[in-house]
Amino acid sequence: MSVRVAVDAMGGDYAPEEIVKGAVLAAREDGTPILLVGQVDKIQAELAKYDTKGLDIDIVRADEVIEMGESPGTALRKKKNASIVVTVQQVAEGRAQAIVAAGSTGAAMAASLFGLGRLPNIERPAIAVQLPTLKKPVLLLDGGANSECEPEMLHQFAIMGSTFSSSVLGVENPRIGILNIGGEAGKGNLLSQETYKILDQKRDHLNFIGNVEGRELFTGICDVVVCDGFVGNVTLKVTEGVAKMVFRLFKAEAGKSLWTKLAALCAKPLLMGIKKRTDPDEYGGALLLGIKGICVISHGSSHAKAIKNAIKLARESVEKDVNGKISSLYELSRV
């Protein structure tokens with residue numbers, strides 16, 4: 001059976017235009033069946049711009065939208081017919097097998113948690129984000145779902161991250177590290193120290209390599225790195241800010257003279273290669289791991305390319321039974 005992906009067409013800064021365009025690309029290029037959830041007239045107007053003949057795209061009506069600035073809990077209670085709520089319902093009721101949403105991260109998390117529930121024995125879901133390195137991307141958990149964590153939660157993040165890395169990203173025996181302020185076992189706060197002790201005892205099932213310092217993260221030293229959501233989200237935001245600064249500095253310096261402009265022109269192919277490797281649109285979005293279903297949360301500023309890749313990521317996660325493998329590895333790790 002084909003994996004059908006439910007897409008919140010009203011979520012994101014460029015909804016529904018870029019969301020619908022990305023869905024059309026996914027249906028055309030990969031043959032993925034799509035459910036576009038949202039305000040029917042607006043979705044139909046966007047679909048009319050494309051040749052959708054032969055594409056498996058259906059529309060599900062949802063008249064309300066949860067805006068970025070709204071409190072997720074309050075909005076979910078008041079807006080029962082919000083697009084993200086109805087999108088989650090498609091999976092809960094078996095009409096779709098995965099979710100893609102580019103709107104409010106908090107609303108997508110809360111709707112998925114309440115609408116689908118957690119996997120057995122998983123205390124909290126985590127946001128798994130792919131970050132570029134000098135080698136293969138590293139998977140960071142948690143990207144912001146849980147600002148306060150217990151050591152057992154980070155153990156579970158390691159299990160979920162290792163499963164996703166091996167199953168979907170194709171990494172053999174993923175190396176797992178704890179994001180910390182030093183490499184020694186006794187470094188860091190109590191959470192880091194206690195997590196180290198747990199993971200050190202699970203080496204039979206998890207390829208734990210120890211602590212990873214922030215400066216090592218982008219060298220490719222590990223495949224999965226775990227931390228609480230506060231540290232993880234700060235790491236993501238700092239990384240994004242530094243990347244933007246570097247490219248802006250280059251652009252500013254390149255325009256200072258004729259010679260620098262010529263040099264920049266010669267370096268353009270190199271820069272485009274770097275941009276492609278660091279472009280978040282290439283990854284599509286972050287997977288919310290630990291729920292009874294697959295949910296990919298894309299950046300609020302996502303364009304069509306990111307949505308297309310998010311749909312692909314969601315489909316592959318279902319096809320490769322990420323949740324089933326998480327449960328199996330957790331049972332092994334409990335022994």
# chains A, B, ... in the order shown; residues from 1 in each chain; ligands from 1
call {"tool": "residues_around", "arguments": {"residues": "Ile307 in chain A", "least_positions_apart": "2", "cutoff": "7 Å", "atoms": "only C-alpha atoms", "output": "PyMOL selection string"}}
result
chain A and resi 19+22-23+284+302-305+309-311
call {"tool": "write_last_selection", "arguments": {"atoms": "all heavy atoms", "output": "PDB file, in the first residue's frame"}}
result
ATOM      1  N   ILE A  19       3.297  25.613  -0.042  1.00  0.00           N
ATOM      2  CA  ILE A  19       2.940  24.284   0.469  1.00  0.00           C
ATOM      3  C   ILE A  19       2.316  23.450  -0.647  1.00  0.00           C
ATOM      4  O   ILE A  19       2.686  22.286  -0.862  1.00  0.00           O
ATOM      5  CB  ILE A  19       1.962  24.391   1.655  1.00  0.00           C
ATOM      6  CG1 ILE A  19       2.465  25.412   2.696  1.00  0.00           C
ATOM      7  CG2 ILE A  19       1.751  23.018   2.268  1.00  0.00           C
ATOM      8  CD1 ILE A  19       3.800  25.100   3.297  1.00  0.00           C
ATOM      9  N   GLY A  22       4.904  22.525  -3.298  1.00  0.00           N
ATOM     10  CA  GLY A  22       5.760  21.432  -2.844  1.00  0.00           C
ATOM     11  C   GLY A  22       5.050  20.092  -2.879  1.00  0.00           C
ATOM     12  O   GLY A  22       5.638  19.067  -3.232  1.00  0.00           O
ATOM     13  N   ALA A  23       3.764  20.106  -2.533  1.00  0.00           N
ATOM     14  CA  ALA A  23       2.979  18.868  -2.570  1.00  0.00           C
ATOM     15  C   ALA A  23       2.831  18.354  -4.001  1.00  0.00           C
ATOM     16  O   ALA A  23       2.923  17.151  -4.259  1.00  0.00           O
ATOM     17  CB  ALA A  23       1.610  19.110  -1.947  1.00  0.00           C
ATOM     18  N   GLY A 284      14.356  19.097   4.350  1.00  0.00           N
ATOM     19  CA  GLY A 284      12.900  19.111   4.394  1.00  0.00           C
ATOM     20  C   GLY A 284      12.319  19.563   5.717  1.00  0.00           C
ATOM     21  O   GLY A 284      11.433  20.406   5.764  1.00  0.00           O
ATOM     22  N   SER A 302       9.569  27.765   5.060  1.00  0.00           N
ATOM     23  CA  SER A 302       9.832  26.759   4.019  1.00  0.00           C
ATOM     24  C   SER A 302       9.197  27.141   2.678  1.00  0.00           C
ATOM     25  O   SER A 302       8.062  27.616   2.623  1.00  0.00           O
ATOM     26  CB  SER A 302       9.280  25.393   4.449  1.00  0.00           C
ATOM     27  OG  SER A 302      10.008  24.873   5.535  1.00  0.00           O
ATOM     28  N   HIS A 303       9.964  26.869   1.618  1.00  0.00           N
ATOM     29  CA  HIS A 303       9.452  27.012   0.258  1.00  0.00           C
ATOM     30  C   HIS A 303       9.137  25.617  -0.284  1.00  0.00           C
ATOM     31  O   HIS A 303       9.251  24.617   0.415  1.00  0.00           O
ATOM     32  CB  HIS A 303      10.471  27.736  -0.612  1.00  0.00           C
ATOM     33  CG  HIS A 303      10.595  29.196  -0.284  1.00  0.00           C
ATOM     34  ND1 HIS A 303       9.767  30.162  -0.813  1.00  0.00           N
ATOM     35  CD2 HIS A 303      11.452  29.851   0.548  1.00  0.00           C
ATOM     36  CE1 HIS A 303      10.100  31.348  -0.340  1.00  0.00           C
ATOM     37  NE2 HIS A 303      11.127  31.185   0.492  1.00  0.00           N
ATOM     38  N   ALA A 304       8.732  25.572  -1.539  1.00  0.00           N
ATOM     39  CA  ALA A 304       8.245  24.330  -2.141  1.00  0.00           C
ATOM     40  C   ALA A 304       9.267  23.194  -2.062  1.00  0.00           C
ATOM     41  O   ALA A 304       8.908  22.040  -1.803  1.00  0.00           O
ATOM     42  CB  ALA A 304       7.852  24.585  -3.596  1.00  0.00           C
ATOM     43  N   LYS A 305      10.544  23.507  -2.283  1.00  0.00           N
ATOM     44  CA  LYS A 305      11.577  22.475  -2.251  1.00  0.00           C
ATOM     45  C   LYS A 305      11.625  21.781  -0.889  1.00  0.00           C
ATOM     46  O   LYS A 305      11.739  20.553  -0.803  1.00  0.00           O
ATOM     47  CB  LYS A 305      12.932  23.102  -2.577  1.00  0.00           C
ATOM     48  CG  LYS A 305      14.097  22.135  -2.536  1.00  0.00           C
ATOM     49  CD  LYS A 305      15.390  22.893  -2.825  1.00  0.00           C
ATOM     50  CE  LYS A 305      16.605  21.994  -2.705  1.00  0.00           C
ATOM     51  NZ  LYS A 305      17.863  22.749  -2.936  1.00  0.00           N
ATOM     52  N   ASN A 309      10.727  17.807  -0.003  1.00  0.00           N
ATOM     53  CA  ASN A 309      11.661  16.925   0.691  1.00  0.00           C
ATOM     54  C   ASN A 309      11.120  16.447   2.039  1.00  0.00           C
ATOM     55  O   ASN A 309      11.434  15.344   2.489  1.00  0.00           O
ATOM     56  CB  ASN A 309      13.004  17.632   0.879  1.00  0.00           C
ATOM     57  CG  ASN A 309      13.772  17.753  -0.428  1.00  0.00           C
ATOM     58  OD1 ASN A 309      13.633  16.910  -1.311  1.00  0.00           O
ATOM     59  ND2 ASN A 309      14.576  18.794  -0.556  1.00  0.00           N
ATOM     60  N   ALA A 310      10.297  17.284   2.685  1.00  0.00           N
ATOM     61  CA  ALA A 310       9.665  16.869   3.937  1.00  0.00           C
ATOM     62  C   ALA A 310       8.694  15.719   3.690  1.00  0.00           C
ATOM     63  O   ALA A 310       8.617  14.765   4.478  1.00  0.00           O
ATOM     64  CB  ALA A 310       8.936  18.046   4.577  1.00  0.00           C
ATOM     65  N   ILE A 311       7.953  15.799   2.598  1.00  0.00           N
ATOM     66  CA  ILE A 311       7.023  14.726   2.243  1.00  0.00           C
ATOM     67  C   ILE A 311       7.790  13.434   1.950  1.00  0.00           C
ATOM     68  O   ILE A 311       7.390  12.343   2.369  1.00  0.00           O
ATOM     69  CB  ILE A 311       6.158  15.144   1.039  1.00  0.00           C
ATOM     70  CG1 ILE A 311       5.209  16.276   1.449  1.00  0.00           C
ATOM     71  CG2 ILE A 311       5.375  13.962   0.462  1.00  0.00           C
ATOM     72  CD1 ILE A 311       4.478  16.929   0.291  1.00  0.00           C
TER      73      ILE A 311
END
call {"tool": "residues_around", "arguments": {"residues": "Ile127 in chain A", "least_positions_apart": "6", "cutoff": "8 Å", "atoms": "only C-alpha atoms", "output": "list of chain:residue names"}}
result
A:Leu141, A:Asp142, A:Gly143, A:Gly144, A:Ala145, A:Ala286, A:Leu287, A:Leu288, A:Leu289
call {"tool": "residues_around", "arguments": {"residues": "range 103-109 of chain A", "least_positions_apart": "5", "cutoff": "9 Å", "atoms": "only C-alpha atoms", "output": "PyMOL selection string"}}
result
chain A and resi 8+10-13+15+66-73+75-76+84-85+88+114+125+145+288+295+297-301
call {"tool": "write_last_selection", "arguments": {"atoms": "N, CA and C atoms", "output": "mmCIF file, in the first residue's frame"}}
result
data_model
loop_
_atom_site.group_PDB
_atom_site.id
_atom_site.type_symbol
_atom_site.label_atom_id
_atom_site.label_comp_id
_atom_site.auth_asym_id
_atom_site.auth_seq_id
_atom_site.Cartn_x
_atom_site.Cartn_y
_atom_site.Cartn_z
ATOM 1 N N ASP A 8 -0.495 19.909 6.093
ATOM 2 C CA ASP A 8 -1.196 21.115 6.541
ATOM 3 C C ASP A 8 -0.900 22.223 5.533
ATOM 4 N N MET A 10 -2.133 25.142 5.270
ATOM 5 C CA MET A 10 -2.302 26.517 5.745
ATOM 6 C C MET A 10 -1.185 26.950 6.693
ATOM 7 N N GLY A 11 -0.250 26.069 6.998
ATOM 8 C CA GLY A 11 0.802 26.393 7.952
ATOM 9 C C GLY A 11 2.063 26.898 7.273
ATOM 10 N N GLY A 12 2.663 27.953 7.832
ATOM 11 C CA GLY A 12 3.914 28.479 7.283
ATOM 12 C C GLY A 12 3.769 29.896 6.757
ATOM 13 N N ASP A 13 4.904 30.559 6.610
ATOM 14 C CA ASP A 13 4.911 31.948 6.150
ATOM 15 C C ASP A 13 4.423 32.101 4.718
ATOM 16 N N ALA A 15 2.252 29.925 3.085
ATOM 17 C CA ALA A 15 1.090 29.067 2.832
ATOM 18 C C ALA A 15 -0.048 29.910 2.241
ATOM 19 N N ILE A 66 -4.225 27.983 12.956
ATOM 20 C CA ILE A 66 -3.510 28.412 14.159
ATOM 21 C C ILE A 66 -2.304 29.233 13.722
ATOM 22 N N GLU A 67 -2.286 30.492 14.112
ATOM 23 C CA GLU A 67 -1.219 31.400 13.704
ATOM 24 C C GLU A 67 0.024 31.190 14.559
ATOM 25 N N MET A 68 1.152 31.686 14.050
ATOM 26 C CA MET A 68 2.435 31.488 14.722
ATOM 27 C C MET A 68 2.452 32.055 16.145
ATOM 28 N N GLY A 69 1.823 33.177 16.366
ATOM 29 C CA GLY A 69 1.906 33.832 17.671
ATOM 30 C C GLY A 69 0.940 33.316 18.705
ATOM 31 N N GLU A 70 0.064 32.401 18.343
ATOM 32 C CA GLU A 70 -0.938 31.897 19.277
ATOM 33 C C GLU A 70 -0.355 30.855 20.226
ATOM 34 N N SER A 71 -0.908 30.817 21.438
ATOM 35 C CA SER A 71 -0.535 29.768 22.393
ATOM 36 C C SER A 71 -1.072 28.437 21.881
ATOM 37 N N PRO A 72 -0.201 27.438 21.673
ATOM 38 C CA PRO A 72 -0.660 26.159 21.113
ATOM 39 C C PRO A 72 -1.802 25.515 21.899
ATOM 40 N N GLY A 73 -1.665 25.459 23.233
ATOM 41 C CA GLY A 73 -2.685 24.818 24.053
ATOM 42 C C GLY A 73 -4.033 25.499 23.944
ATOM 43 N N ALA A 75 -5.046 27.597 21.564
ATOM 44 C CA ALA A 75 -5.544 27.544 20.187
ATOM 45 C C ALA A 75 -6.148 26.188 19.855
ATOM 46 N N LEU A 76 -5.521 25.108 20.320
ATOM 47 C CA LEU A 76 -6.045 23.774 20.038
ATOM 48 C C LEU A 76 -7.397 23.542 20.698
ATOM 49 N N ILE A 84 -4.070 22.089 11.343
ATOM 50 C CA ILE A 84 -3.131 21.130 11.912
ATOM 51 C C ILE A 84 -3.874 20.040 12.680
ATOM 52 N N VAL A 85 -4.981 20.383 13.336
ATOM 53 C CA VAL A 85 -5.780 19.398 14.063
ATOM 54 C C VAL A 85 -6.383 18.383 13.091
ATOM 55 N N VAL A 88 -3.711 15.997 11.632
ATOM 56 C CA VAL A 88 -3.384 14.899 12.545
ATOM 57 C C VAL A 88 -4.506 13.862 12.556
ATOM 58 N N PHE A 114 -1.405 14.865 21.411
ATOM 59 C CA PHE A 114 -2.758 14.619 21.896
ATOM 60 C C PHE A 114 -3.562 13.746 20.936
ATOM 61 N N PRO A 125 8.237 12.892 23.389
ATOM 62 C CA PRO A 125 8.742 12.937 22.011
ATOM 63 C C PRO A 125 9.868 13.960 21.905
ATOM 64 N N ALA A 145 11.781 20.387 21.866
ATOM 65 C CA ALA A 145 10.485 19.927 22.378
ATOM 66 C C ALA A 145 10.440 19.923 23.909
ATOM 67 N N LEU A 288 9.446 14.550 14.371
ATOM 68 C CA LEU A 288 9.025 14.455 15.767
ATOM 69 C C LEU A 288 8.993 12.973 16.122
ATOM 70 N N CYS A 295 5.522 12.447 11.986
ATOM 71 C CA CYS A 295 5.240 13.874 11.806
ATOM 72 C C CYS A 295 6.542 14.602 11.489
ATOM 73 N N ILE A 297 8.122 18.250 10.861
ATOM 74 C CA ILE A 297 7.854 19.668 11.093
ATOM 75 C C ILE A 297 8.865 20.478 10.290
ATOM 76 N N SER A 298 8.383 21.208 9.297
ATOM 77 C CA SER A 298 9.254 22.034 8.464
ATOM 78 C C SER A 298 9.376 23.437 9.047
ATOM 79 N N HIS A 299 10.418 24.126 8.631
ATOM 80 C CA HIS A 299 10.636 25.508 9.076
ATOM 81 C C HIS A 299 9.485 26.386 8.610
ATOM 82 N N GLY A 300 9.135 27.377 9.406
ATOM 83 C CA GLY A 300 8.028 28.260 9.055
ATOM 84 C C GLY A 300 8.219 29.000 7.749
ATOM 85 N N SER A 301 9.477 29.210 7.358
ATOM 86 C CA SER A 301 9.767 29.937 6.121
ATOM 87 C C SER A 301 10.024 28.995 4.945
#
call {"tool": "select_by_dssp", "arguments": {"residues": "range 69-300 of chain A", "states": "alpha helix (DSSP H)", "output": "ChimeraX atom specification"}}
result
/A:72-78,83-92,105-116,151-167,190-200,229-254,258-278
call {"tool": "select_by_dssp", "arguments": {"residues": "range 129-230 of chain A", "states": "strand (DSSP E or B)", "output": "PDB file with N, CA, C and O atoms, in the first residue's frame"}}
result
ATOM      1  N   VAL A 129      16.715  16.882  14.409  1.00  0.00           N
ATOM      2  CA  VAL A 129      17.116  17.828  13.376  1.00  0.00           C
ATOM      3  C   VAL A 129      18.439  17.398  12.752  1.00  0.00           C
ATOM      4  O   VAL A 129      19.397  17.081  13.466  1.00  0.00           O
ATOM      5  N   GLN A 130      18.492  17.407  11.431  1.00  0.00           N
ATOM      6  CA  GLN A 130      19.742  17.101  10.735  1.00  0.00           C
ATOM      7  C   GLN A 130      20.561  18.384  10.558  1.00  0.00           C
ATOM      8  O   GLN A 130      20.043  19.397  10.087  1.00  0.00           O
ATOM      9  N   LEU A 131      21.837  18.315  10.926  1.00  0.00           N
ATOM     10  CA  LEU A 131      22.749  19.448  10.765  1.00  0.00           C
ATOM     11  C   LEU A 131      23.905  19.041   9.859  1.00  0.00           C
ATOM     12  O   LEU A 131      24.417  17.924   9.970  1.00  0.00           O
ATOM     13  N   VAL A 138      24.757  15.277  10.950  1.00  0.00           N
ATOM     14  CA  VAL A 138      24.593  14.750  12.296  1.00  0.00           C
ATOM     15  C   VAL A 138      23.152  15.001  12.718  1.00  0.00           C
ATOM     16  O   VAL A 138      22.561  16.027  12.384  1.00  0.00           O
ATOM     17  N   LEU A 139      22.579  14.053  13.438  1.00  0.00           N
ATOM     18  CA  LEU A 139      21.197  14.168  13.906  1.00  0.00           C
ATOM     19  C   LEU A 139      21.215  14.630  15.352  1.00  0.00           C
ATOM     20  O   LEU A 139      21.779  13.960  16.224  1.00  0.00           O
ATOM     21  N   LEU A 140      20.597  15.785  15.614  1.00  0.00           N
ATOM     22  CA  LEU A 140      20.553  16.350  16.961  1.00  0.00           C
ATOM     23  C   LEU A 140      19.168  16.157  17.563  1.00  0.00           C
ATOM     24  O   LEU A 140      18.163  16.466  16.942  1.00  0.00           O
ATOM     25  N   LEU A 141      19.126  15.611  18.783  1.00  0.00           N
ATOM     26  CA  LEU A 141      17.907  15.460  19.562  1.00  0.00           C
ATOM     27  C   LEU A 141      18.194  15.906  20.987  1.00  0.00           C
ATOM     28  O   LEU A 141      19.187  15.472  21.566  1.00  0.00           O
ATOM     29  N   ARG A 175      27.156   6.367  15.488  1.00  0.00           N
ATOM     30  CA  ARG A 175      27.912   6.791  16.668  1.00  0.00           C
ATOM     31  C   ARG A 175      27.086   7.836  17.425  1.00  0.00           C
ATOM     32  O   ARG A 175      26.642   8.821  16.839  1.00  0.00           O
ATOM     33  N   ILE A 176      26.954   7.649  18.739  1.00  0.00           N
ATOM     34  CA  ILE A 176      26.107   8.513  19.556  1.00  0.00           C
ATOM     35  C   ILE A 176      26.954   9.257  20.569  1.00  0.00           C
ATOM     36  O   ILE A 176      27.791   8.667  21.264  1.00  0.00           O
ATOM     37  N   GLY A 177      26.737  10.566  20.671  1.00  0.00           N
ATOM     38  CA  GLY A 177      27.450  11.367  21.649  1.00  0.00           C
ATOM     39  C   GLY A 177      26.497  12.233  22.460  1.00  0.00           C
ATOM     40  O   GLY A 177      25.345  12.435  22.085  1.00  0.00           O
ATOM     41  N   ILE A 178      26.989  12.736  23.584  1.00  0.00           N
ATOM     42  CA  ILE A 178      26.244  13.688  24.414  1.00  0.00           C
ATOM     43  C   ILE A 178      26.856  15.064  24.197  1.00  0.00           C
ATOM     44  O   ILE A 178      28.074  15.241  24.360  1.00  0.00           O
ATOM     45  N   LEU A 179      26.066  16.045  23.817  1.00  0.00           N
ATOM     46  CA  LEU A 179      26.571  17.406  23.638  1.00  0.00           C
ATOM     47  C   LEU A 179      26.928  17.974  25.010  1.00  0.00           C
ATOM     48  O   LEU A 179      26.072  18.076  25.895  1.00  0.00           O
ATOM     49  N   ASN A 180      28.210  18.336  25.173  1.00  0.00           N
ATOM     50  CA  ASN A 180      28.683  18.681  26.505  1.00  0.00           C
ATOM     51  C   ASN A 180      29.784  19.733  26.414  1.00  0.00           C
ATOM     52  O   ASN A 180      30.234  20.091  25.314  1.00  0.00           O
ATOM     53  N   ASN A 207      25.931   2.487  20.027  1.00  0.00           N
ATOM     54  CA  ASN A 207      27.343   2.786  19.764  1.00  0.00           C
ATOM     55  C   ASN A 207      27.708   4.130  20.381  1.00  0.00           C
ATOM     56  O   ASN A 207      27.895   5.130  19.687  1.00  0.00           O
ATOM     57  N   PHE A 208      27.790   4.136  21.705  1.00  0.00           N
ATOM     58  CA  PHE A 208      28.055   5.358  22.460  1.00  0.00           C
ATOM     59  C   PHE A 208      29.543   5.676  22.443  1.00  0.00           C
ATOM     60  O   PHE A 208      30.367   4.844  22.817  1.00  0.00           O
ATOM     61  N   ILE A 209      29.895   6.910  22.008  1.00  0.00           N
ATOM     62  CA  ILE A 209      31.298   7.293  21.902  1.00  0.00           C
ATOM     63  C   ILE A 209      31.729   8.280  22.984  1.00  0.00           C
ATOM     64  O   ILE A 209      32.889   8.673  23.042  1.00  0.00           O
ATOM     65  N   GLY A 210      30.779   8.734  23.829  1.00  0.00           N
ATOM     66  CA  GLY A 210      31.123   9.662  24.897  1.00  0.00           C
ATOM     67  C   GLY A 210      30.611  11.065  24.648  1.00  0.00           C
ATOM     68  O   GLY A 210      29.677  11.288  23.867  1.00  0.00           O
ATOM     69  N   ASN A 211      31.235  12.018  25.329  1.00  0.00           N
ATOM     70  CA  ASN A 211      30.834  13.419  25.202  1.00  0.00           C
ATOM     71  C   ASN A 211      31.366  14.043  23.920  1.00  0.00           C
ATOM     72  O   ASN A 211      32.446  13.677  23.430  1.00  0.00           O
ATOM     73  N   VAL A 212      30.615  15.009  23.404  1.00  0.00           N
ATOM     74  CA  VAL A 212      31.011  15.743  22.200  1.00  0.00           C
ATOM     75  C   VAL A 212      30.917  17.239  22.503  1.00  0.00           C
ATOM     76  O   VAL A 212      29.870  17.730  22.924  1.00  0.00           O
ATOM     77  N   GLU A 213      32.017  17.946  22.330  1.00  0.00           N
ATOM     78  CA  GLU A 213      32.006  19.395  22.547  1.00  0.00           C
ATOM     79  C   GLU A 213      31.392  20.117  21.348  1.00  0.00           C
ATOM     80  O   GLU A 213      31.402  19.601  20.229  1.00  0.00           O
ATOM     81  N   VAL A 224      24.813  10.880  15.784  1.00  0.00           N
ATOM     82  CA  VAL A 224      23.677  11.296  16.604  1.00  0.00           C
ATOM     83  C   VAL A 224      24.225  11.985  17.842  1.00  0.00           C
ATOM     84  O   VAL A 224      25.150  11.478  18.479  1.00  0.00           O
ATOM     85  N   VAL A 225      23.655  13.131  18.192  1.00  0.00           N
ATOM     86  CA  VAL A 225      24.056  13.807  19.424  1.00  0.00           C
ATOM     87  C   VAL A 225      22.805  14.154  20.214  1.00  0.00           C
ATOM     88  O   VAL A 225      21.812  14.609  19.651  1.00  0.00           O
ATOM     89  N   VAL A 226      22.837  13.875  21.527  1.00  0.00           N
ATOM     90  CA  VAL A 226      21.660  14.105  22.357  1.00  0.00           C
ATOM     91  C   VAL A 226      21.929  15.206  23.376  1.00  0.00           C
ATOM     92  O   VAL A 226      23.058  15.398  23.836  1.00  0.00           O
TER      93      VAL A 226
END
call {"tool": "closest_residue", "arguments": {"among": "A:Ile221, A:Leu55, A:Val5, A:Val322", "to": "Val24 in chain A", "atoms": "only C-alpha atoms"}}
result
A:Leu55
call {"tool": "residues_around", "arguments": {"residues": "Thr278 in chain A", "least_positions_apart": "3", "cutoff": "8 Å", "atoms": "only C-alpha atoms", "output": "list of chain:residue names"}}
result
A:Leu131, A:Pro132, A:Ile274, A:Lys275
call {"tool": "atom_distance", "arguments": {"atom1": "CA of Ala267 in chain A", "atom2": "CA of Glu216 in chain A"}}
result
26.9 Å
call {"tool": "residues_around", "arguments": {"residues": "range 242-254 of chain A", "least_positions_apart": "5", "cutoff": "12 Å", "atoms": "only C-alpha atoms", "output": "mmCIF file with N, CA, C and O atoms, in the first residue's frame"}}
result
data_model
loop_
_atom_site.group_PDB
_atom_site.id
_atom_site.type_symbol
_atom_site.label_atom_id
_atom_site.label_comp_id
_atom_site.auth_asym_id
_atom_site.auth_seq_id
_atom_site.Cartn_x
_atom_site.Cartn_y
_atom_site.Cartn_z
ATOM 1 N N LEU A 131 21.837 18.315 10.926
ATOM 2 C CA LEU A 131 22.749 19.448 10.765
ATOM 3 C C LEU A 131 23.905 19.041 9.859
ATOM 4 O O LEU A 131 24.417 17.924 9.970
ATOM 5 N N PRO A 132 24.334 19.927 8.961
ATOM 6 C CA PRO A 132 25.457 19.586 8.079
ATOM 7 C C PRO A 132 26.774 19.530 8.845
ATOM 8 O O PRO A 132 26.964 20.244 9.829
ATOM 9 N N THR A 235 21.577 25.705 20.271
ATOM 10 C CA THR A 235 22.583 25.252 19.302
ATOM 11 C C THR A 235 22.102 25.492 17.877
ATOM 12 O O THR A 235 22.846 25.992 17.024
ATOM 13 N N LEU A 236 20.858 25.138 17.601
ATOM 14 C CA LEU A 236 20.304 25.325 16.254
ATOM 15 C C LEU A 236 20.268 26.794 15.872
ATOM 16 O O LEU A 236 20.651 27.177 14.754
ATOM 17 N N LYS A 237 19.797 27.649 16.787
ATOM 18 C CA LYS A 237 19.658 29.071 16.479
ATOM 19 C C LYS A 237 21.030 29.737 16.293
ATOM 20 O O LYS A 237 21.204 30.586 15.410
ATOM 21 N N TRP A 259 38.235 43.981 -8.134
ATOM 22 C CA TRP A 259 39.000 42.747 -7.983
ATOM 23 C C TRP A 259 38.266 41.737 -7.087
ATOM 24 O O TRP A 259 38.241 40.535 -7.373
ATOM 25 N N THR A 260 37.677 42.240 -6.009
ATOM 26 C CA THR A 260 36.954 41.323 -5.122
ATOM 27 C C THR A 260 35.694 40.789 -5.807
ATOM 28 O O THR A 260 35.289 39.648 -5.582
ATOM 29 N N LYS A 261 35.102 41.615 -6.671
ATOM 30 C CA LYS A 261 33.927 41.152 -7.414
ATOM 31 C C LYS A 261 34.304 40.044 -8.392
ATOM 32 O O LYS A 261 33.579 39.049 -8.542
ATOM 33 N N LEU A 262 35.445 40.202 -9.049
ATOM 34 C CA LEU A 262 35.921 39.174 -9.977
ATOM 35 C C LEU A 262 36.270 37.884 -9.236
ATOM 36 O O LEU A 262 35.968 36.775 -9.705
ATOM 37 N N ALA A 263 36.905 38.052 -8.071
ATOM 38 C CA ALA A 263 37.260 36.881 -7.269
ATOM 39 C C ALA A 263 36.001 36.138 -6.809
ATOM 40 O O ALA A 263 35.945 34.905 -6.817
ATOM 41 N N ALA A 264 34.996 36.911 -6.420
ATOM 42 C CA ALA A 264 33.736 36.298 -5.978
ATOM 43 C C ALA A 264 33.062 35.556 -7.123
ATOM 44 O O ALA A 264 32.474 34.483 -6.926
ATOM 45 N N LEU A 265 33.157 36.124 -8.322
ATOM 46 C CA LEU A 265 32.555 35.476 -9.490
ATOM 47 C C LEU A 265 33.240 34.136 -9.774
ATOM 48 O O LEU A 265 32.574 33.140 -10.085
ATOM 49 N N CYS A 266 34.553 34.120 -9.637
ATOM 50 C CA CYS A 266 35.300 32.869 -9.843
ATOM 51 C C CYS A 266 34.959 31.831 -8.772
ATOM 52 O O CYS A 266 34.974 30.618 -9.038
ATOM 53 N N ALA A 267 34.655 32.328 -7.568
ATOM 54 C CA ALA A 267 34.373 31.418 -6.454
ATOM 55 C C ALA A 267 32.904 30.989 -6.400
ATOM 56 O O ALA A 267 32.542 30.172 -5.543
ATOM 57 N N LYS A 268 32.087 31.500 -7.305
ATOM 58 C CA LYS A 268 30.646 31.231 -7.233
ATOM 59 C C LYS A 268 30.302 29.741 -7.259
ATOM 60 O O LYS A 268 29.474 29.282 -6.454
ATOM 61 N N LEU A 271 30.947 28.350 -3.849
ATOM 62 C CA LEU A 271 29.980 28.836 -2.863
ATOM 63 C C LEU A 271 28.616 28.164 -3.030
ATOM 64 O O LEU A 271 27.935 27.866 -2.048
ATOM 65 N N MET A 272 28.238 27.922 -4.275
ATOM 66 C CA MET A 272 26.951 27.258 -4.515
ATOM 67 C C MET A 272 26.967 25.825 -3.979
ATOM 68 O O MET A 272 25.959 25.332 -3.471
ATOM 69 N N ILE A 274 28.760 24.842 -1.378
ATOM 70 C CA ILE A 274 28.665 24.966 0.084
ATOM 71 C C ILE A 274 27.230 25.273 0.496
ATOM 72 O O ILE A 274 26.705 24.709 1.460
ATOM 73 N N LYS A 275 26.593 26.168 -0.260
ATOM 74 C CA LYS A 275 25.209 26.533 0.059
ATOM 75 C C LYS A 275 24.285 25.331 -0.026
ATOM 76 O O LYS A 275 23.406 25.139 0.821
ATOM 77 N N ARG A 277 25.058 22.181 0.445
ATOM 78 C CA ARG A 277 25.311 21.260 1.558
ATOM 79 C C ARG A 277 24.763 21.786 2.878
ATOM 80 O O ARG A 277 24.491 21.009 3.794
ATOM 81 N N THR A 278 24.616 23.097 2.999
ATOM 82 C CA THR A 278 24.148 23.684 4.250
ATOM 83 C C THR A 278 22.709 24.181 4.165
ATOM 84 O O THR A 278 22.197 24.743 5.133
ATOM 85 N N ASP A 279 22.058 23.967 3.044
ATOM 86 C CA ASP A 279 20.697 24.456 2.831
ATOM 87 C C ASP A 279 19.695 23.591 3.599
ATOM 88 O O ASP A 279 19.559 22.393 3.319
ATOM 89 N N PRO A 280 18.964 24.166 4.574
ATOM 90 C CA PRO A 280 17.985 23.358 5.333
ATOM 91 C C PRO A 280 16.867 22.805 4.467
ATOM 92 O O PRO A 280 16.249 21.792 4.818
#
